[in-house]
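Report on the structure given below.
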Number of protein chains: 2
Amino acid sequence: MPASDHSDIRALDLFADMDDAHFDALMRASYVQNFPPQIELISEGDPSDFLHVILTGSVELFATWNRRETSLATVRPISTFILAASIKDAPYLMSARTLEKSRIVLLPSQDVRSIFNQDARFAQAIVTELAQCYRTVVKSTKDLKLRTSLERLANYLLRQQARAGGAQVFDLAAEKRRLASFLGMTPENLSRAIKGLKPYGVTVVGSRVTISDQADIKRFAKPSPLIDDYST
Amino acid sequence: MPASDHSDIRALDLFADMDDAHFDALMRASYVQNFPPQIELISEGDPSDFLHVILTGSVELFATWNRRETSLATVRPISTFILAASIKDAPYLMSARTLEKSRIVLLPSQDVRSIFNQDARFAQAIVTELAQCYRTVVKSTKDLKLRTSLERLANYLLRQQARAGGAQVFDLAAEKRRLASFLGMTPENLSRAIKGLKPYGVTVVGSRVTISDQADIKRFAKPSPLIDDYST
DNA sequence: ACCGCAACTTGACATTTGTCAAGAGAAGGG
DNA sequence: CCCTTCTCTTGACAAATGTCAAGTTGCGGT
């Protein structure tokens with residue numbers, strides 16, 4: 001693995017504070033691979049052999065049941081995924097596939113666990129990361145159970161706008177098909193929901209979103225930090 | 001606090017392996033209180049001053065938005081709740097209210113965090129607990145997004161049956177009103193869903209559930225360990 | 001045992017969401 | 001550049017879910 005990859009990984013909160021020797025040991029045990037798009041990296045139910053770190057590209061986390069599939073998250077560089085399964089040595093609950101050409105580091109779960117048992121600072125970082133993941137999923141559950149699909153879309157667009165620096169015009173990060181699945185609706189319904197936000201000054205052409213009056217859509221969306229602020 | 005309470009708490013996975021001195025310090029800093037039913041112990045958005053441990057009774061975790069409310073979990077003895085908020089020193093994402101007369105220990109979050117920073121074994125236990133919580137919420141999200149309300153009810157009943165030792169007849173742990181909210185539907189719809197399971201040999205009279213042919217309802221419910229097995 | 005209250009059930013109806021089918025539009029490959 | 005292919009959109013319809021209103025049941029307290 002190139003040294004530049006090492007420093008990118010080292011900069012992650014999860015690895016920033018750990019002992020040098022432990023970090024080096026982890027890196028030595030790891031693999032880097034470049035994957036083409038649409039490769040299934042992980043299948044739910046499989047034993048969790050590796051903690052994954054995405055360096056470039058993007059990865060979708062999804063789950064299936066009874067021939068249905070739902071998108072649960074999109075992972076972007078630089079971050080890790082499926083930490084909980086690795087630490088617990090439990091089967092993956094989600095599947096993962098590359099959305100585009102992606103460069104991914106595989107850290108053997110066994111090494112992660114063994115160093116976690118020796119390195120208190122690493123253990124602390126893991127706690128912070130897991131707590132963050134947990135709170136994110138709780139927010140997502142609240143979003144799903146407390147809001148209609150129209151409200152979920154409106155709040156999603158406001159979150160995306162914030163990520164885009166608050167610009168009045170910005171691009172959707174995902175294709176609509178996956179966005180619909182992420183928001184818990186069908187693509188057809190997403191199309192209709194987008195139309196349904198027109199009265200509030202929201203228009204979407206292709207992947208270009210325009211929010212003409214943020215105050216207007218906010219009155220409808222009623223965003224709450226306890227659901228929509230992913231940073232706390 | 002009576003010594004018997006100490007040993008009950010000590011027996012929890014979260015506290016079992018930690019240093020004696022640290023555990024004693026935590027206990028000295030803690031408060032025990034008996035609450036009547038229907039007391040709101042925690043309001044979402046409040047700073048997380050205490051890690052809570054429920055010794056007797058039961059507590060509902062719920063969330064609200066825009067005058068809507070949804071039930072997220074029921075906590076039963078002996079376990080802790082809102083660990084993630086305490087550790088992160090972040091606002092509560094859920095509210096909590098007693099369902100019945102309950103005896104609850106309050107551990108100041110600041111002490112929990114300070115001992116977490118000193119006690120590696122405690123930190124490890126916290127990781128295990130958080131990973132468990134995280135995976136439980138992910139399962140719940142999959143349940144919500146991949147299943148219809150009828151399927152959620154069917155699988156819920158099968159899980160409850162398993163908890164009741166597999167008996168053909170068992171009692172619902174919650175009143176139907178809260179069960180409906182937990183399952184993400186209205187009370188009216190729960191009534192209809194219960195009727196909808198009759199063709200599969202499931203009958204509910206009052207809070208008494210009878211599953212006459214487990215194989216039959218399982219064919220419909222299609223339970224999956226990756227959604228319904230809360231132990232992994 | 002009776003009463004009163006709250007939970008639950010039921011029916012009728014409205015709204016939301018999903019499904020199917022067809023067509024329009026956009027992107028990539030020869 | 002055109003063709004294929006896929007995504008996206010739209011309309012018509014079906015199914016699921018929510019709302020409202022009116023009972024009915026069941027439980028706790030007097």
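Chain labels follow the order of the structure tokens: the first chain is A, the next B, and so on; residue numbering restarts at 1 in every chain, and ligands are counted from 1 in their shown order.
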
Tell me the residues of chain B close to chain D, meaning within 8 Å using only C-alpha atoms (C1' of nucleotides), as a PyMOL selection string.
-> chain B and resi 185-186+189

Residue list for chain C near chain A as a list in words, 9 Å, only C-alpha atoms (C1' of nucleotides)
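Every residue of chain C that passes the 9 Å test is in DT16, DT17 and DG18 of chain C.
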
With only C-alpha atoms counted and 6 Å as the cut-off, give the residues of chain A in contact with chain B, each with its shortest interatomic distance in Å and the pair that gives it, as CSV.
residue,atom,partner,partner_atom,distance
A:Ala84,CA,B:Ala131,CA,5.0
A:Leu93,CA,B:Leu226,CA,5.8
A:Ala120,CA,B:Ala120,CA,5.7
A:Val127,CA,B:Val127,CA,5.4
A:Ala131,CA,B:Ala84,CA,5.0
A:Tyr134,CA,B:Tyr134,CA,4.7
A:Leu226,CA,B:Leu93,CA,5.8

* Can you list, as a PyMOL selection string, all residues belonging to region 26-226 of chain B that DSSP tags as strand (DSSP E)? => chain B and resi 31-35+40-42+50-56+59-65+68-75+79-81+95-98+102-108+169-171+202-205+208-211

| said: I'd like the contact shell of Gln160 (chain B) - 12 Å cut-off, only C-alpha atoms (C1' of nucleotides), skipping same-chain residues fewer than 3 positions apart - returned as a PyMOL selection string. | reply: chain B and resi 153-157+163-174+179+208-211+228-230

Deliver the residues from the most recent selection as a file, using C-alpha atoms, as a tab-separated table (two decimals), in the first residue's frame.
chain	number	residue	atom	x	y	z
B	153	LEU	CA	-46.76	-7.75	13.20
B	154	ALA	CA	-46.34	-11.41	12.26
B	155	ASN	CA	-42.60	-11.30	12.91
B	156	TYR	CA	-43.10	-9.36	16.13
B	157	LEU	CA	-45.45	-12.04	17.40
B	163	ARG	CA	-39.18	-14.78	24.31
B	164	ALA	CA	-42.02	-16.61	25.99
B	165	GLY	CA	-40.12	-19.87	25.57
B	166	GLY	CA	-41.95	-20.92	22.42
B	167	ALA	CA	-45.31	-21.48	24.12
B	168	GLN	CA	-48.32	-21.74	21.86
B	169	VAL	CA	-50.18	-19.25	24.05
B	170	PHE	CA	-48.54	-16.18	25.53
B	171	ASP	CA	-49.31	-12.61	26.53
B	172	LEU	CA	-48.44	-9.40	24.75
B	173	ALA	CA	-45.85	-7.47	26.73
B	174	ALA	CA	-47.30	-4.10	25.79
B	179	LEU	CA	-47.48	-1.88	20.20
B	208	ARG	CA	-53.56	-13.30	24.98
B	209	VAL	CA	-51.93	-14.48	21.77
B	210	THR	CA	-52.47	-17.96	20.40
B	211	ILE	CA	-50.35	-19.29	17.57
B	228	ASP	CA	-35.37	-10.68	13.99
B	229	ASP	CA	-32.60	-12.19	16.07
B	230	TYR	CA	-31.84	-9.49	18.62

### Task
Please return as a PyMOL selection string: the residues of region 8-225 of chain B that backbone DSSP assigns to alpha helix (DSSP H).
chain B and resi 8-10+13-16+20-29+83-88+109-118+120-146+149-163+176-183+187-196+214-221+225

Could you list, as a PDB file with C-alpha atoms, in the first residue's frame, every residue within 12 Å of His6 (chain B), counting only C-alpha atoms (C1' of nucleotides) and ignoring same-chain residues fewer than 6 positions away?
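Final output, saved to part_12.pdb:
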ATOM      1  CA  LEU B  12     -24.567  -6.232  33.917  1.00  0.00           C
ATOM      2  CA  PHE B  15     -20.059  -3.107  34.447  1.00  0.00           C
ATOM      3  CA  ALA B  16     -18.997  -6.690  35.060  1.00  0.00           C
ATOM      4  CA  ASP B  20     -13.490  -2.386  41.606  1.00  0.00           C
ATOM      5  CA  PHE B  23     -17.152   0.748  39.990  1.00  0.00           C
ATOM      6  CA  ASP B  24     -17.301   1.921  43.593  1.00  0.00           C
ATOM      7  CA  ALA B  25     -16.611   5.478  42.526  1.00  0.00           C
ATOM      8  CA  LEU B  26     -19.464   5.284  40.017  1.00  0.00           C
ATOM      9  CA  MET B  27     -21.804   3.904  42.662  1.00  0.00           C
ATOM     10  CA  ARG B  28     -20.883   6.605  45.150  1.00  0.00           C
ATOM     11  CA  SER B  30     -24.991   7.769  41.635  1.00  0.00           C
ATOM     12  CA  TYR B  31     -28.569   8.300  42.758  1.00  0.00           C
ATOM     13  CA  VAL B  32     -31.388   5.801  43.017  1.00  0.00           C
ATOM     14  CA  VAL B  53     -30.061   1.940  34.781  1.00  0.00           C
ATOM     15  CA  LEU B  55     -33.687  -1.975  38.232  1.00  0.00           C
ATOM     16  CA  ILE B  78     -31.922  -4.882  34.316  1.00  0.00           C
ATOM     17  CA  VAL B 105     -30.311   4.450  39.012  1.00  0.00           C
TER      18      VAL B 105
END
